[in-house]
Structures are given as C-alpha cells and as structure tokens.
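First up is the structure itself, then whatever we jot down about it.
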Amino acid sequence: MYVVVEKILESGEELPRSWPVAGTTGYDFLNQVNQLFVDPGQETAMHACYGRFTGQDDSYPEVVHAAKLQIMREELAAEVERLTGLLADVCERHRRQRDQTRRDLRDTLREVIAAFPVYRTYARPRSPVTAADRAHVAAAVAAARRRRPDLDGELVDFIGELLVLEHPGDVEADFALRFAQVSAPVMAKGVEDTAFYRFQPLASLNEVGGDPGRFGRPAEDFHRAMAEAASRWPEAMLTLSTHDTKRSGDVRARINLLSELPGAWERTADRWARRNSKYRHNGWPDSNAEYLLYQTLVGAWPIDSSRVITFLEKAAKEAKVHTSWVDPRDDYDRALGLFVAAILADRGFVADLEAFLAEYRLVERGHVNSLAQTTLLLTCPGVPDLYQGTEVWEFSLVDPDNRRPVDYGARRRLLADLAGAPPEAALARRADGGPKLWLIHRVLGHRRSRPDVYGPGSGYEPLRVAGPKASHAVAFTRSGGLAVVVPRLLAGLADDWAGSTVTLPAGHWVSVLTGEPAPTG
C-alpha cells in the first residue's frame, strides 16, 4: 500500500529511513521550492525595511522562543503541568534530584521544550536511541543552558538524559514518551500558529514546515535535496498547496518577488501607511498587522474585503498579541475589520496598489514563478499532488479561505479547449489560468508516456548553467533522458538571458512543450 506521512521536518531533520512509508506529504519539498524564488542577497534590506515599518527588531529564534513559552503558560498549561508532575515522580527516585521544587522543575522543563529544535523524538524503551534523537536532545539541552544560566544545569542535563533513556525504569520511560507528546503540540502551536503570525519580513516564508529565519537558498541546496530524494524517497508526495498551508503556492509565488525589490517595496508600504493612517481606530491595527495586510494584498489581488478581513482576524488571533481565540478583544477586532474595509473602499489606494503591481509586473512575473514551481512539482523526484482548485491560478489564503467550493466545471471546459492546443492558445487564456492548466496537462501526459525518466529508479543530476544570468536558472536532468530548466528571481533577470547557456547531455532533444527539436549539447 502506498503510504505517506504528514511529518513536518525542521531544517536539517531527516525522515527516519526505517519507517515503512514512501515519504512525507510534501511540506519539505514545498519549502525547498519556495526558497528558490526568494533573493538571499536582499535579506538585510528586507529585514531593515520590516524593522523600520513595525519597530520590531527581535530575531526569528527570539520570536519562536517567546511564542513557545506563551503557549506553555496558556493553551497547553495543563499538559505541561502533568508532565511536570511526572518529572517530579522521576526525581523522587533519584537522590541528586530529590530536593528540586516543583517550580524549578516546571521552569526548567519549559526551557528545554522551548529550545527543542524539532517537533519530537522517537525514543522507545528496549529500542536503541537514534543518533538523530540524541543530537536533537543535546541541542535543546545546550540551548536551554545558554539561555538560562540561572537554572540548575545538573537538572537540565538530567532531563536530557531521561529523554535518551539513559536512566532505566518505567516512570523514566513514561516521562520520555510523554515529553514527545508535549513538545510536538508546543512546536505546532508556538511556531505555526503563533510565531508565523508575529514575524513578517516576508510572509511567503511563513509556511508549514518552513523556516522564516532562512531568507532564500542557492540552487545548489535544492539540487542536493532533490538528488537525495531520488536516492532515498523517490515516491514521496510533492505539493505546493494543502488544506493547511498559510497561503497558496500562487500567492507565495507573487509575494516572493518583493524579496528582489526592497527599496521600491519600502517606499510603497510607507506611502500606503501614511495614506491609510486616517482609517485607524484608537491607533489600531498595529503596524505588524498592517505590514502583513499589504503583503497579502500584493500576493492575492484582486480579492474582496470580506476574505481579507477573515484572514486578518484569524492572523491577529493566532498572533495572540492584542487579541486571541481564548481572550478576544472586540475593540481591536472591530478596528481591524473597519481598517481593511475602509482602505479597500478607497479608490485612490486601490489605484495605487494596482499601479505598483503593474509597474513591477508582479502579476505577470508571479504567473511565471507559478509556472516554474509547478514545473518543478511535476518533474522532481516524487509523486506530485495538486490541491483542489490549483489546476489554474489560485490565490487562496489560510483556511477557511482554501476550503471554498471549486468550480470544476469551468476547469473541465478550459481543459477541453486547450488539450492538444499549442502554447499560444494557452497564453491567450492567461486570465483564466490557461497556461498553468495547459502546462500541467502537457507534463502529466509526458509522465505517463515516459515513466523511465520520472519514476523510481530515475536519477537526478544538476545541469551546468553558465553566463551572467546563471543564478537565475535552475536546470537538471532525470537520468539524462529529461531536461528541465526553469527561471527564478525574475525582477533581477529583467527578461535578459543574453550570454547565458545550459549545457544538455549529448543526444537528440525535443521540447515536451512545443515538440520542437533542440540542438545537441
């Protein structure tokens, strides 16, 4: 049976090879692809822009640490208290830890959990503890000791020893198992449902399984990950959007373009903030929510105010700064909704927004980014998954926005018009999402006819790109029989490939998209 697991892999974490699964459901792939379209050379400028706009200068690790502690004090307080009680029972059995107070146990436990770099370990009694689990525990222990030198270091170390089962006993083993059952929801609630809504230098990086602390990656990192996937997980699921993503792949594809335009983006966001200050109520919304709002409008435009309000109200409650699900602030929530409704009713602001999109060709370039990442989805090692509705341009936000009914009838009619048509016909239906649907149909047809270059057993080899714009292309072959080339960082490319080449392996090459022959080499 084909089985994939919804396992969120943190940076540097690998799926255990011993698991009897084909791979993950694809969040790791989603984020590897997404990072390709973010310009790492503009990280400093984009973070400085964010800091000046919002007044926030905390690093991403600091935001995550604070969010995890808040989750443990509030939403998961009962779970942490039960785990503290279990740790107290363990300490009663060990002479050197017997005199620890419950408060000290709780504080130390919180710090170790907050420092945990992955969702959980998988240590089990009567089974060897893996090197990966030992490394994750050691990292958490070391981080907790650095951050809180006032804690009892011996107690911190003792917790680490318990987590790798160095102290025998049923109670000790139960503590290690239950720790993993608490660290996982703390990570999920603290990072995905809190920190991702507080740290917004580039909202497209705040994705399930993502690391907003990493601002873009070179193509070499992507090539290494895909070569490893071809070797170890050739049938893993690949995806760009799911029921749980914070925004669809097409929204991320457009927001990523801002990473190449820090100066223009800062001037524009500042101008919008000045223009819209009259719509604030009692100083609200806060500047962080406003910064997220502007990125969201750029990524999803055109979009009606009701969808934006629903998204921002959820984002504000997840951030848990001025309002939350358990402690809602009606005055803040109301101010947020009124602000969104007012600026989107302001024709001058809407005209300015659309002028910004047009000046920097963000819609057009977002479409190209979308086609590029869709090509990677369909050709990289693994089994591609298309989330409902994403067969054409699909600009949805976090649930419930991405659960809206899908007009499959319209998609069937569009496909009937374009199946077998030349690419020019698809481009003529750009407004309907024709290029994306046409590309998917064409490449999936090729996959069906050539399983030898897509399926398990087919390799992955990077292709050399040379010339002044080499960094703007990602190129590879699958077992030397399929060559894939996609563009990236389009604003910096400026439609100029002059002097850039991709060297193909020797042989007779024919375009999958047009049927035209390509020169050898």
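Residue numbers start at 1 in each chain; chains themselves are named A, B, ... in the order of the structure tokens; ligands are numbered from 1 in the order shown.
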
As a PyMOL selection string, which residues of stretch 216-353 of chain A does DSSP assign to alpha helix (DSSP H)? chain A and resi 219-232+249-255+262-276+287-300+305-319+330-345+347-353

Can you tell me, as an mmCIF file with N, CA, C and O atoms, in the first residue's frame, what residues are no more than 12 Å from A:Arg361 when counting only C-alpha atoms, ignoring any on the same chain fewer than 3 positions away?
data_model
loop_
_atom_site.group_PDB
_atom_site.id
_atom_site.type_symbol
_atom_site.label_atom_id
_atom_site.label_comp_id
_atom_site.auth_asym_id
_atom_site.auth_seq_id
_atom_site.Cartn_x
_atom_site.Cartn_y
_atom_site.Cartn_z
ATOM 1 N N ARG A 254 3.968 35.196 -5.907
ATOM 2 C CA ARG A 254 3.963 36.633 -6.169
ATOM 3 C C ARG A 254 4.631 37.408 -5.032
ATOM 4 O O ARG A 254 5.406 38.338 -5.277
ATOM 5 N N LEU A 257 8.424 37.826 -5.047
ATOM 6 C CA LEU A 257 9.025 38.862 -5.898
ATOM 7 C C LEU A 257 9.424 40.097 -5.098
ATOM 8 O O LEU A 257 10.355 40.816 -5.484
ATOM 9 N N LEU A 258 8.746 40.361 -3.992
ATOM 10 C CA LEU A 258 9.095 41.522 -3.171
ATOM 11 C C LEU A 258 10.508 41.409 -2.610
ATOM 12 O O LEU A 258 11.141 42.430 -2.328
ATOM 13 N N LEU A 261 12.854 43.476 -4.457
ATOM 14 C CA LEU A 261 12.522 44.895 -4.631
ATOM 15 C C LEU A 261 12.445 45.616 -3.289
ATOM 16 O O LEU A 261 11.472 46.324 -3.012
ATOM 17 N N VAL A 298 -0.816 42.389 -2.056
ATOM 18 C CA VAL A 298 0.064 42.211 -3.211
ATOM 19 C C VAL A 298 -0.017 40.774 -3.723
ATOM 20 O O VAL A 298 -0.104 40.526 -4.928
ATOM 21 N N GLU A 354 -2.787 48.835 -7.568
ATOM 22 C CA GLU A 354 -2.743 48.255 -8.907
ATOM 23 C C GLU A 354 -1.619 48.871 -9.746
ATOM 24 O O GLU A 354 -1.015 48.180 -10.579
ATOM 25 N N ALA A 355 -1.307 50.141 -9.489
ATOM 26 C CA ALA A 355 -0.192 50.772 -10.198
ATOM 27 C C ALA A 355 1.134 50.136 -9.783
ATOM 28 O O ALA A 355 2.026 49.931 -10.625
ATOM 29 N N PHE A 356 1.283 49.832 -8.494
ATOM 30 C CA PHE A 356 2.506 49.169 -8.018
ATOM 31 C C PHE A 356 2.646 47.786 -8.646
ATOM 32 O O PHE A 356 3.731 47.409 -9.117
ATOM 33 N N LEU A 357 1.558 47.035 -8.684
ATOM 34 C CA LEU A 357 1.587 45.710 -9.306
ATOM 35 C C LEU A 357 1.973 45.808 -10.776
ATOM 36 O O LEU A 357 2.746 44.974 -11.288
ATOM 37 N N ALA A 358 1.447 46.846 -11.466
ATOM 38 C CA ALA A 358 1.720 46.987 -12.892
ATOM 39 C C ALA A 358 3.146 47.465 -13.156
ATOM 40 O O ALA A 358 3.822 46.966 -14.064
ATOM 41 N N GLU A 364 2.273 39.422 -13.770
ATOM 42 C CA GLU A 364 2.876 38.646 -14.858
ATOM 43 C C GLU A 364 4.029 37.785 -14.337
ATOM 44 O O GLU A 364 4.126 36.586 -14.649
ATOM 45 N N ARG A 365 4.915 38.402 -13.584
ATOM 46 C CA ARG A 365 6.059 37.649 -13.069
ATOM 47 C C ARG A 365 5.623 36.606 -12.042
ATOM 48 O O ARG A 365 6.244 35.547 -11.919
ATOM 49 N N GLY A 366 4.564 36.908 -11.308
ATOM 50 C CA GLY A 366 4.022 35.908 -10.399
ATOM 51 C C GLY A 366 3.517 34.691 -11.152
ATOM 52 O O GLY A 366 3.683 33.550 -10.707
ATOM 53 N N HIS A 367 2.907 34.923 -12.321
ATOM 54 C CA HIS A 367 2.465 33.810 -13.165
ATOM 55 C C HIS A 367 3.660 32.963 -13.610
ATOM 56 O O HIS A 367 3.597 31.728 -13.601
ATOM 57 N N VAL A 368 4.758 33.621 -13.987
ATOM 58 C CA VAL A 368 5.942 32.877 -14.422
ATOM 59 C C VAL A 368 6.516 32.076 -13.262
ATOM 60 O O VAL A 368 6.885 30.901 -13.407
ATOM 61 N N ASN A 369 6.599 32.694 -12.092
ATOM 62 C CA ASN A 369 7.045 31.958 -10.906
ATOM 63 C C ASN A 369 6.158 30.745 -10.641
ATOM 64 O O ASN A 369 6.629 29.664 -10.290
ATOM 65 N N LEU A 490 13.012 36.766 -11.008
ATOM 66 C CA LEU A 490 12.678 37.361 -12.301
ATOM 67 C C LEU A 490 12.916 38.861 -12.366
ATOM 68 O O LEU A 490 13.214 39.399 -13.429
ATOM 69 N N ALA A 491 12.763 39.559 -11.239
ATOM 70 C CA ALA A 491 12.970 41.010 -11.284
ATOM 71 C C ALA A 491 14.416 41.321 -11.636
ATOM 72 O O ALA A 491 14.702 42.208 -12.446
ATOM 73 N N ALA A 494 15.237 40.594 -15.445
ATOM 74 C CA ALA A 494 14.821 41.674 -16.353
ATOM 75 C C ALA A 494 14.694 41.186 -17.790
ATOM 76 O O ALA A 494 15.029 41.900 -18.748
ATOM 77 N N ASP A 495 14.223 39.957 -17.975
ATOM 78 C CA ASP A 495 13.955 39.395 -19.312
ATOM 79 C C ASP A 495 15.192 39.334 -20.199
ATOM 80 O O ASP A 495 15.080 39.332 -21.433
#

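Closest approach to A:Thr379 from the set A:Phe116, A:Tyr454, A:Trp265, A:Tyr27 is made by A:Tyr454, with distances taken over only C-alpha atoms.
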
Exercise for review: Determine, counting only C-alpha atoms, which protein, DNA and RNA residues have an atom within 10 Å of an atom of stretch 80-82 of chain A; residues of the same chain fewer than 5 positions away are not included. Present the result as a ChimeraX atom specification.
Suggested key: /A:71-75,87-88,102,105-106,109-110,113,178-179,182-183,186

Restricted to N, CA and C atoms, what would the selected residues look like written as a PDB file, in the first residue's frame?
ATOM      1  N   ILE A  71       2.610  29.688  24.816  1.00  0.00           N
ATOM      2  CA  ILE A  71       1.729  28.542  24.602  1.00  0.00           C
ATOM      3  C   ILE A  71       1.750  27.617  25.809  1.00  0.00           C
ATOM      4  N   MET A  72       2.923  27.403  26.393  1.00  0.00           N
ATOM      5  CA  MET A  72       3.023  26.512  27.559  1.00  0.00           C
ATOM      6  C   MET A  72       2.409  27.126  28.808  1.00  0.00           C
ATOM      7  N   ARG A  73       2.391  28.452  28.890  1.00  0.00           N
ATOM      8  CA  ARG A  73       1.764  29.102  30.039  1.00  0.00           C
ATOM      9  C   ARG A  73       0.255  29.164  29.903  1.00  0.00           C
ATOM     10  N   GLU A  74      -0.238  29.143  28.667  1.00  0.00           N
ATOM     11  CA  GLU A  74      -1.667  29.362  28.452  1.00  0.00           C
ATOM     12  C   GLU A  74      -2.358  28.125  27.869  1.00  0.00           C
ATOM     13  N   GLU A  75      -2.328  27.961  26.563  1.00  0.00           N
ATOM     14  CA  GLU A  75      -3.141  26.921  25.926  1.00  0.00           C
ATOM     15  C   GLU A  75      -2.757  25.503  26.339  1.00  0.00           C
ATOM     16  N   LEU A  87       7.697  14.399  35.987  1.00  0.00           N
ATOM     17  CA  LEU A  87       9.116  14.646  36.251  1.00  0.00           C
ATOM     18  C   LEU A  87       9.387  14.652  37.750  1.00  0.00           C
ATOM     19  N   ALA A  88       8.462  15.187  38.530  1.00  0.00           N
ATOM     20  CA  ALA A  88       8.625  15.172  39.994  1.00  0.00           C
ATOM     21  C   ALA A  88       8.663  13.741  40.515  1.00  0.00           C
ATOM     22  N   ARG A 102       8.865  22.111  42.724  1.00  0.00           N
ATOM     23  CA  ARG A 102       8.010  21.937  41.541  1.00  0.00           C
ATOM     24  C   ARG A 102       8.150  23.137  40.602  1.00  0.00           C
ATOM     25  N   LEU A 105      11.266  22.625  38.583  1.00  0.00           N
ATOM     26  CA  LEU A 105      11.048  21.580  37.588  1.00  0.00           C
ATOM     27  C   LEU A 105      10.257  22.132  36.408  1.00  0.00           C
ATOM     28  N   ARG A 106       9.201  22.895  36.706  1.00  0.00           N
ATOM     29  CA  ARG A 106       8.359  23.445  35.644  1.00  0.00           C
ATOM     30  C   ARG A 106       9.140  24.421  34.775  1.00  0.00           C
ATOM     31  N   LEU A 109      11.738  22.565  32.669  1.00  0.00           N
ATOM     32  CA  LEU A 109      11.066  21.784  31.635  1.00  0.00           C
ATOM     33  C   LEU A 109      10.599  22.677  30.496  1.00  0.00           C
ATOM     34  N   ARG A 110      10.035  23.823  30.824  1.00  0.00           N
ATOM     35  CA  ARG A 110       9.583  24.754  29.794  1.00  0.00           C
ATOM     36  C   ARG A 110      10.743  25.196  28.910  1.00  0.00           C
ATOM     37  N   ILE A 113      11.793  22.402  26.511  1.00  0.00           N
ATOM     38  CA  ILE A 113      10.807  22.244  25.442  1.00  0.00           C
ATOM     39  C   ILE A 113      10.899  23.422  24.466  1.00  0.00           C
ATOM     40  N   ARG A 178       6.034  10.816  27.106  1.00  0.00           N
ATOM     41  CA  ARG A 178       5.069  11.917  27.251  1.00  0.00           C
ATOM     42  C   ARG A 178       5.683  13.269  26.898  1.00  0.00           C
ATOM     43  N   PHE A 179       6.990  13.399  27.109  1.00  0.00           N
ATOM     44  CA  PHE A 179       7.667  14.630  26.706  1.00  0.00           C
ATOM     45  C   PHE A 179       7.464  14.868  25.211  1.00  0.00           C
ATOM     46  N   VAL A 182       4.224  16.259  24.262  1.00  0.00           N
ATOM     47  CA  VAL A 182       4.011  17.672  24.603  1.00  0.00           C
ATOM     48  C   VAL A 182       4.844  18.577  23.708  1.00  0.00           C
ATOM     49  N   SER A 183       6.082  18.183  23.430  1.00  0.00           N
ATOM     50  CA  SER A 183       6.944  19.040  22.607  1.00  0.00           C
ATOM     51  C   SER A 183       6.358  19.250  21.210  1.00  0.00           C
ATOM     52  N   VAL A 186       3.527  21.873  21.289  1.00  0.00           N
ATOM     53  CA  VAL A 186       4.129  23.164  21.607  1.00  0.00           C
ATOM     54  C   VAL A 186       4.779  23.754  20.360  1.00  0.00           C
TER      55      VAL A 186
END

_I'd like the neighbourhood of A:Thr374 as a PyMOL selection string, where a residue qualifies if any of its atoms comes within 10 Å (using only C-alpha atoms), though same-chain residues fewer than 6 positions away should be ignored._
chain A and resi 33+239-240+249-250+368+384+386+390-391+436+439-440+443+486

Residues as selected, C-alpha atoms, written as a PDB file, in the first residue's frame, can you do that?
ATOM      1  CA  VAL A  33      10.971  25.078  -3.878  1.00  0.00           C
ATOM      2  CA  THR A 239       2.971  19.537  -3.120  1.00  0.00           C
ATOM      3  CA  LEU A 240       2.795  23.321  -3.310  1.00  0.00           C
ATOM      4  CA  GLY A 249       1.547  28.428  -3.917  1.00  0.00           C
ATOM      5  CA  ASP A 250       0.441  31.140  -6.333  1.00  0.00           C
ATOM      6  CA  VAL A 368       5.942  32.877 -14.422  1.00  0.00           C
ATOM      7  CA  PRO A 384       3.026  15.339  -7.479  1.00  0.00           C
ATOM      8  CA  LEU A 386      -2.445  19.057  -6.907  1.00  0.00           C
ATOM      9  CA  THR A 390      -4.868  24.743  -8.020  1.00  0.00           C
ATOM     10  CA  GLU A 391      -5.001  23.456 -11.584  1.00  0.00           C
ATOM     11  CA  LYS A 436      -0.985  26.631 -15.826  1.00  0.00           C
ATOM     12  CA  LEU A 439       1.353  23.023 -18.619  1.00  0.00           C
ATOM     13  CA  ILE A 440       0.023  20.516 -16.078  1.00  0.00           C
ATOM     14  CA  VAL A 443       3.698  17.416 -18.484  1.00  0.00           C
ATOM     15  CA  VAL A 486      13.070  26.955 -15.030  1.00  0.00           C
TER      16      VAL A 486
END

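Distance annotation: of A:Trp438, A:Phe175, A:Tyr2, A:Phe222, the residue with the minimal separation from A:Asp28 is A:Phe222; atom set is only C-alpha atoms.
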
Restricting to only C-alpha atoms, whichever of A:Gly190, A:Thr84, A:Asp150, A:Gly26 is closest to A:Glu62 is A:Gly190

*Within 7 Å of A:Pro40, counting only C-alpha atoms, which residues qualify if same-chain residues fewer than 6 places away don't, as a ChimeraX atom specification?*
/A:215-217

Computed gap from atom CA of A:Trp301 to atom CA of A:Arg404 is 16.9 Å

Taking the DSSP assignment computed from this structure's backbone, write out as a count of residues only all residues of stretch 145-389 of chain A that belong to strand (DSSP E).
4

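In terms of minimum interatomic distance to A:Leu205, A:Leu36 ranks closest within A:Ala66, A:Ala123, A:Leu36, A:Ala114, counting only C-alpha atoms.
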